[in-house]
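Here's the structure, in structure tokens; my notes come after.
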Amino acid sequence: MAGGVYRLPGTLNRRTEPPHLQTPMAMKSPTRYPLLEQINVPADLRRLSIGQLRPLAAELRQFLIQSISTSGGHLASSLGTVELTIALHYVFNTPDDRLVWDIGHQCYGHKVLTGRRGAMQTIRKPDGLSGFLKREESPYDAFGAGHSSTSISAALGMAIAARQSGSNRKSVAIIGDGGMTAGMAYEALNHAGHIKTDLLVILNDNDMSISPNVGALSGHFARLLSSPAYSSLRAHGKQVLEAVPPVRELARRTEEHVKGMVVPGTLFEEMGFNYVGPIDGHDTELLTRTLTNLRDLDGPRLLHIATRKGKGYAPAEANPVSYHGVSPFDPEEGLKAPAQPAKPTYTQIFSDWLCDMAEADTRLTGITPAMREGSGLVEFSRRYPGRYFDVGIAEQHAVTLAAGMACDGLRPVVAIYSTFLQRAYDQVIHDVALQNLPVLFAIDRSGLVGADGPTHAGSYDLTYLRCLPNLHILVPADENECRQMLYTAYQLGAPAAVRYPRGSGPGVPVSREMSPIPVGKGEIRRSGQHVALLAFGSLLGPALEAGAKLDATVVNMRFVKPLDEALVQDMARSHGLLVTLEENSIMGGAGGAVSEYLAAAGIDTPVIHLGLPDQNLEHGKPEEMLAACGLDAPGIVHSVQAALDTRRF
């Protein structure tokens with residue numbers, strides 16, 4: 001494989017207990033967590049009394065604060081689901097019963113209770129635990145996910161499989177109120193309600209608080225609604241009323257109005273679910289008793305709980321956005337104000353350009369699928385609130401919304417992570433590219449993303465976008481080029497994508513003036529002999545370093561589409577070997593465009609392609625991952641020299 005071999009961290013065999021389940025690591029302080037240290041697997045948890053669950057929750061919460069503040073990771077979401085995690089493993093027979101967590105930001109407590117307590121300091125580090133759920137990591141991780149809103153569909157599939165096999169195994173989906181903004185969640189709810197499968201959905205609503213009296217009322221009502229007596233009465237009542245349609249309709253309307261005054265469950269009831277809640281998601285006894293009742297009911301059920309992100313750690317409660325994903329910090333002091341980076345990030349370059357461009361063109365609108373902070377739209381949303389649209393976790397809607405805006409004269413910019421754009425691929429094809437609409441995709445987090453791992457890596461965007469007619473693809477190699485390419489793409493009046501990596505660039509000064517780059521034209525950055533390195537985007541830096549050692553020509557290609565065919569031909573005619581470089585999957589990527597052109601032109605100059613290999617790359621530091629893929633300067637030199645030695649070009 002060109003580009004070196006990436007060595008995957010060891011994976012665990014799901015047929016055997018993982019090592020950290022077989023022999024739990026001892027904690028530094030054996031008396032600090034007296035209840036938690038008794039729990040190596042959920043079966044240990046189920047031996048506790050209900051009265052011990054509340055102090056256990058306090059221990060687990062403190063453990064998470066200490067652990068995550070040391071290792072970094074997702075804090076606020078995990079703190080908000082401590083009681084729910086305990087109650088779920090207490091009531092359900094995991095791992096035989098399936099717990100499907102949406103995304104996995106809230107899964108750290110789940111990892112601790114399922115035998116990984118001693119390995120938590122390795123989370124998101126090379127060869128360590130994943131920051132998300134991962135089937136290969138533990139038999140308790142029923143479904144792996146890094147994207148939102150998949151849990152109900154997956155759990156429904158498992159429920160159907162249980163029914164088909166005659167098993168009484170339970171399936172539970174845990175989804176947040178943010179995840180419920182995606183259409184996929186409602187597609188799954190609609191299907192589950194239609195086929196009446198044995199499925200429990202837990203809606204974790206962390207955008208509301210419950211005052212004591214409301215919590216007490218809804219908790220009482222939830223216990224009533226989830227009780228076997230109420231369920232039986234409700235079912236028999238419907239059978240009796242079927243024979244008297246007018247009375248049946250009156251009863252239905254009365255039930256809806258009464259429940260509508262107490263719980264917001266009419267929508268879910270209409271979809272075929274038995275709705276219960278909302279209840280206090282931090283009351284372990286209430287959660288446990290309600291889940292026990294719901295476990296023994298049949299058909300689709302939805303439990304609505306209210307929790308608070310960051311629960312139990314005041315700074316995270318006050319600012320859950322800042323404490324969503326954290327680097328190591330002192331929990332006594334909390335997060336410090338981030339130091340001003342020595343170099344602006346690509347996200348900041350985009351943010352500055354967006355505001356400047358919006359000032360110059362009133363047609364510009366900014367769209368994001370629930371990634372205002374991550375994609376750099378905070379300042380834009382403040383300065384131009386009427387032109388800013390956060391559509392929630394609804395990538396498909398974001399793209400077609402942009403297409404509709406473009407149809408009627410607006411100039412939408414869709415700010416989106418590469419990994420999330422995958423979810424709207426049909427809309428990019430059908431609604432934007434096919435109609436040749438002027439939508440600009442500002443694609444952040446292209447290439448490798450480090451600790452977030454393969455679910456968030458932007459490894460495929462060049463591959464899946466390059467085949468689309470009408471779409472221009474621009475790949476900046478530095479900060480100033482990013483700004484000028486955004487301006488160039490915006491001026492095209494056609495579908496365009498500018499893709500840039502996470503973090504900072506090489507430190508090139510950024511010109512405030514915006515000037516277009518010649519469309520489809522690359523540039524020679526270093527002249528050499530025999531070997532030409534054709535760099536696409538972020539790998540120009542290591543290409544220049546490798547080029548100096550190889551005395552090779554280095555080309556900043558700048559455009560993947562349209563490709564600078566004249567420049568490629570010139571390099572092929574004047575060099576004995578071409579090497580393409582990209583932080584994208586080798587298969588179908590920018591290098592493929594070069595080879596396709598040479599083949600069509602009848603030019604037989606040898607080409608080797610360096611890029612991301614055909615395998616899932618696990619989490620780690622980006623620079624280490626690039627080196628493992630042979631995409632740092634020494635790796636490039638090694639691959640070229642090996643090719644020269646082997647093929648004798």
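Residue numbers start at 1 in each chain; chains themselves are named A, B, ... in the order of the structure tokens; ligands are numbered from 1 in the order shown.
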Residues of stretch 510-628 of chain A within 8 Å of stretch 441-455 of chain A: nearest atom pair and distance (Å, one decimal) for each, counting only C-alpha atoms, sorted by chain and number, as CSV?
residue,atom,partner,partner_atom,distance
A:Glu583,CA,A:Gly447,CA,5.1
A:Asn584,CA,A:Gly447,CA,5.7
A:Asn616,CA,A:Pro454,CA,6.0
A:Leu617,CA,A:Pro454,CA,5.7
A:Glu618,CA,A:Gly453,CA,5.3
A:His619,CA,A:Gly453,CA,4.0
A:Gly620,CA,A:Gly450,CA,5.0
A:Lys621,CA,A:Gly450,CA,4.9
A:Pro622,CA,A:Gly450,CA,4.7
A:Met625,CA,A:Gly450,CA,7.7
A:Leu626,CA,A:Leu448,CA,7.9
Export of the given selection (all heavy atoms) as a PDB file, in the first residue's frame:
ATOM      1  N   GLU A 583      -4.740  14.451   1.959  1.00  0.00           N
ATOM      2  CA  GLU A 583      -5.248  13.961   3.240  1.00  0.00           C
ATOM      3  C   GLU A 583      -6.699  13.543   3.038  1.00  0.00           C
ATOM      4  O   GLU A 583      -7.638  14.105   3.586  1.00  0.00           O
ATOM      5  CB  GLU A 583      -5.128  15.041   4.314  1.00  0.00           C
ATOM      6  CG  GLU A 583      -5.236  14.486   5.725  1.00  0.00           C
ATOM      7  CD  GLU A 583      -4.942  15.524   6.791  1.00  0.00           C
ATOM      8  OE1 GLU A 583      -4.246  16.515   6.494  1.00  0.00           O
ATOM      9  OE2 GLU A 583      -5.415  15.343   7.928  1.00  0.00           O
ATOM     10  N   ASN A 584      -6.855  12.542   2.222  1.00  0.00           N
ATOM     11  CA  ASN A 584      -8.151  11.992   1.818  1.00  0.00           C
ATOM     12  C   ASN A 584      -7.911  10.550   1.424  1.00  0.00           C
ATOM     13  O   ASN A 584      -6.779  10.142   1.139  1.00  0.00           O
ATOM     14  CB  ASN A 584      -8.705  12.773   0.621  1.00  0.00           C
ATOM     15  CG  ASN A 584     -10.098  12.330   0.191  1.00  0.00           C
ATOM     16  OD1 ASN A 584     -11.103  12.773   0.742  1.00  0.00           O
ATOM     17  ND2 ASN A 584     -10.169  11.456  -0.803  1.00  0.00           N
ATOM     18  N   ASN A 616     -10.080   1.892   8.509  1.00  0.00           N
ATOM     19  CA  ASN A 616     -10.493   2.874   9.502  1.00  0.00           C
ATOM     20  C   ASN A 616      -9.301   3.222  10.390  1.00  0.00           C
ATOM     21  O   ASN A 616      -8.677   2.328  10.973  1.00  0.00           O
ATOM     22  CB  ASN A 616     -11.641   2.325  10.356  1.00  0.00           C
ATOM     23  CG  ASN A 616     -12.898   2.108   9.546  1.00  0.00           C
ATOM     24  OD1 ASN A 616     -13.228   2.907   8.680  1.00  0.00           O
ATOM     25  ND2 ASN A 616     -13.604   1.017   9.820  1.00  0.00           N
ATOM     26  N   LEU A 617      -9.001   4.497  10.482  1.00  0.00           N
ATOM     27  CA  LEU A 617      -7.859   4.950  11.269  1.00  0.00           C
ATOM     28  C   LEU A 617      -8.333   5.334  12.670  1.00  0.00           C
ATOM     29  O   LEU A 617      -9.180   6.208  12.821  1.00  0.00           O
ATOM     30  CB  LEU A 617      -7.199   6.153  10.586  1.00  0.00           C
ATOM     31  CG  LEU A 617      -6.773   5.911   9.130  1.00  0.00           C
ATOM     32  CD1 LEU A 617      -6.148   7.161   8.550  1.00  0.00           C
ATOM     33  CD2 LEU A 617      -5.811   4.736   9.046  1.00  0.00           C
ATOM     34  N   GLU A 618      -7.777   4.677  13.664  1.00  0.00           N
ATOM     35  CA  GLU A 618      -8.235   4.899  15.035  1.00  0.00           C
ATOM     36  C   GLU A 618      -7.749   6.244  15.565  1.00  0.00           C
ATOM     37  O   GLU A 618      -6.954   6.931  14.942  1.00  0.00           O
ATOM     38  CB  GLU A 618      -7.775   3.747  15.925  1.00  0.00           C
ATOM     39  CG  GLU A 618      -8.349   2.393  15.525  1.00  0.00           C
ATOM     40  CD  GLU A 618      -9.866   2.369  15.527  1.00  0.00           C
ATOM     41  OE1 GLU A 618     -10.474   2.999  16.417  1.00  0.00           O
ATOM     42  OE2 GLU A 618     -10.447   1.722  14.649  1.00  0.00           O
ATOM     43  N   HIS A 619      -8.237   6.622  16.751  1.00  0.00           N
ATOM     44  CA  HIS A 619      -7.943   7.930  17.317  1.00  0.00           C
ATOM     45  C   HIS A 619      -6.493   8.022  17.766  1.00  0.00           C
ATOM     46  O   HIS A 619      -5.845   7.035  18.107  1.00  0.00           O
ATOM     47  CB  HIS A 619      -8.872   8.206  18.497  1.00  0.00           C
ATOM     48  CG  HIS A 619      -8.906   7.099  19.517  1.00  0.00           C
ATOM     49  ND1 HIS A 619      -9.734   6.007  19.391  1.00  0.00           N
ATOM     50  CD2 HIS A 619      -8.210   6.907  20.656  1.00  0.00           C
ATOM     51  CE1 HIS A 619      -9.552   5.198  20.416  1.00  0.00           C
ATOM     52  NE2 HIS A 619      -8.629   5.715  21.204  1.00  0.00           N
ATOM     53  N   GLY A 620      -5.990   9.235  17.766  1.00  0.00           N
ATOM     54  CA  GLY A 620      -4.618   9.519  18.176  1.00  0.00           C
ATOM     55  C   GLY A 620      -4.289  10.957  17.854  1.00  0.00           C
ATOM     56  O   GLY A 620      -5.142  11.720  17.384  1.00  0.00           O
ATOM     57  N   LYS A 621      -3.075  11.368  18.064  1.00  0.00           N
ATOM     58  CA  LYS A 621      -2.660  12.713  17.698  1.00  0.00           C
ATOM     59  C   LYS A 621      -2.536  12.800  16.182  1.00  0.00           C
ATOM     60  O   LYS A 621      -1.959  11.905  15.555  1.00  0.00           O
ATOM     61  CB  LYS A 621      -1.331  13.059  18.360  1.00  0.00           C
ATOM     62  CG  LYS A 621      -1.402  13.142  19.878  1.00  0.00           C
ATOM     63  CD  LYS A 621      -0.058  13.529  20.470  1.00  0.00           C
ATOM     64  CE  LYS A 621      -0.149  13.634  21.990  1.00  0.00           C
ATOM     65  NZ  LYS A 621       1.160  13.997  22.600  1.00  0.00           N
ATOM     66  N   PRO A 622      -3.069  13.870  15.571  1.00  0.00           N
ATOM     67  CA  PRO A 622      -3.059  13.951  14.098  1.00  0.00           C
ATOM     68  C   PRO A 622      -1.674  13.778  13.496  1.00  0.00           C
ATOM     69  O   PRO A 622      -1.511  13.081  12.487  1.00  0.00           O
ATOM     70  CB  PRO A 622      -3.625  15.348  13.829  1.00  0.00           C
ATOM     71  CG  PRO A 622      -4.491  15.632  15.006  1.00  0.00           C
ATOM     72  CD  PRO A 622      -3.795  15.000  16.174  1.00  0.00           C
ATOM     73  N   MET A 625      -0.759  10.188  13.532  1.00  0.00           N
ATOM     74  CA  MET A 625      -1.550   9.426  12.570  1.00  0.00           C
ATOM     75  C   MET A 625      -1.043   9.659  11.145  1.00  0.00           C
ATOM     76  O   MET A 625      -0.947   8.723  10.343  1.00  0.00           O
ATOM     77  CB  MET A 625      -3.026   9.815  12.696  1.00  0.00           C
ATOM     78  CG  MET A 625      -3.629   9.514  14.057  1.00  0.00           C
ATOM     79  SD  MET A 625      -5.311  10.147  14.244  1.00  0.00           S
ATOM     80  CE  MET A 625      -6.222   8.991  13.218  1.00  0.00           C
ATOM     81  N   LEU A 626      -0.719  10.911  10.821  1.00  0.00           N
ATOM     82  CA  LEU A 626      -0.174  11.203   9.494  1.00  0.00           C
ATOM     83  C   LEU A 626       1.149  10.478   9.284  1.00  0.00           C
ATOM     84  O   LEU A 626       1.411   9.930   8.201  1.00  0.00           O
ATOM     85  CB  LEU A 626       0.002  12.706   9.313  1.00  0.00           C
ATOM     86  CG  LEU A 626      -1.269  13.519   9.092  1.00  0.00           C
ATOM     87  CD1 LEU A 626      -0.970  15.011   9.128  1.00  0.00           C
ATOM     88  CD2 LEU A 626      -1.942  13.152   7.770  1.00  0.00           C
TER      89      LEU A 626
END
(request) Would you list the contacts of A:Ser77 as an MDAnalysis selection string, taking every protein, DNA or RNA residue within 9 Å and counting only C-alpha atoms, but skipping same-chain residues closer than 5 positions in sequence? (result) chainID A and resid 105:108 206 308:311 320 323:325
(request) Pick out the residues sitting within 6 Å of A:Val607, and hand them over as a ChimeraX atom specification; count only C-alpha atoms, and ignore anything fewer than 4 positions along from it in its own chain. (result) /A:577-579
Write a file of the just-selected residues containing all heavy atoms, as a compact mmCIF listing (two decimals), in the first residue's frame.
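Listing of out.txt after writing:
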# COMPACT_ATOMS: atom_id res chain seq x y z
N LEU A 577 8.67 10.64 -12.67
CA LEU A 577 7.74 10.08 -11.70
C LEU A 577 6.87 11.19 -11.11
O LEU A 577 7.38 12.24 -10.71
CB LEU A 577 8.50 9.39 -10.56
CG LEU A 577 7.68 8.86 -9.37
CD1 LEU A 577 6.75 7.73 -9.82
CD2 LEU A 577 8.59 8.40 -8.23
N LEU A 578 5.56 10.96 -11.06
CA LEU A 578 4.63 11.86 -10.40
C LEU A 578 4.16 11.22 -9.10
O LEU A 578 3.89 10.01 -9.05
CB LEU A 578 3.42 12.16 -11.28
CG LEU A 578 3.67 12.83 -12.64
CD1 LEU A 578 2.34 13.15 -13.31
CD2 LEU A 578 4.51 14.09 -12.49
N VAL A 579 4.05 12.03 -8.07
CA VAL A 579 3.57 11.57 -6.76
C VAL A 579 2.44 12.50 -6.33
O VAL A 579 2.64 13.71 -6.21
CB VAL A 579 4.68 11.59 -5.71
CG1 VAL A 579 4.15 11.06 -4.37
CG2 VAL A 579 5.89 10.79 -6.17
(message) Using Å and a single decimal, report how far atom CA of A:Gly592 sits from atom CA of A:Leu550.
(response)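 Pair atom CA of A:Leu550 / atom CA of A:Gly592 returns 23.4 Å.
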Could you give me, as a Markdown table, a per-residue list for stretch 478-510 of chain A showing, wherever an atom lies at most 12 Å from an atom of stretch 372-393 of chain A, the closest pair of atoms and their distance in Å to one decimal, using only C-alpha atoms and sorting by chain then residue number from low to high?
| residue | atom | partner | partner_atom | distance |
| --- | --- | --- | --- | --- |
| A:Tyr500 | CA | A:Ser375 | CA | 11.3 |
| A:Pro501 | CA | A:Ser375 | CA | 11.5 |
| A:Arg502 | CA | A:Gly374 | CA | 10.0 |
| A:Gly503 | CA | A:Gly374 | CA | 11.1 |
Identify, with DSSP run on backbone atoms, the residues in stretch 472-503 of chain A assigned to helix (DSSP H, G or I), and express the list as a PDB file with C-alpha atoms, in the first residue's frame.
ATOM      1  CA  GLU A 479      -4.416  30.358   5.884  1.00  0.00           C
ATOM      2  CA  ASN A 480      -4.287  33.116   3.284  1.00  0.00           C
ATOM      3  CA  GLU A 481      -5.110  30.696   0.504  1.00  0.00           C
ATOM      4  CA  CYS A 482      -8.132  29.561   2.508  1.00  0.00           C
ATOM      5  CA  ARG A 483      -9.486  33.106   2.705  1.00  0.00           C
ATOM      6  CA  GLN A 484      -8.886  33.812  -0.961  1.00  0.00           C
ATOM      7  CA  MET A 485     -10.363  30.463  -2.022  1.00  0.00           C
ATOM      8  CA  LEU A 486     -13.531  31.116  -0.024  1.00  0.00           C
ATOM      9  CA  TYR A 487     -13.838  34.432  -1.850  1.00  0.00           C
ATOM     10  CA  THR A 488     -13.102  32.786  -5.211  1.00  0.00           C
ATOM     11  CA  ALA A 489     -15.648  30.025  -4.662  1.00  0.00           C
ATOM     12  CA  TYR A 490     -18.294  32.510  -3.541  1.00  0.00           C
ATOM     13  CA  GLN A 491     -17.860  34.517  -6.742  1.00  0.00           C
TER      14      GLN A 491
END
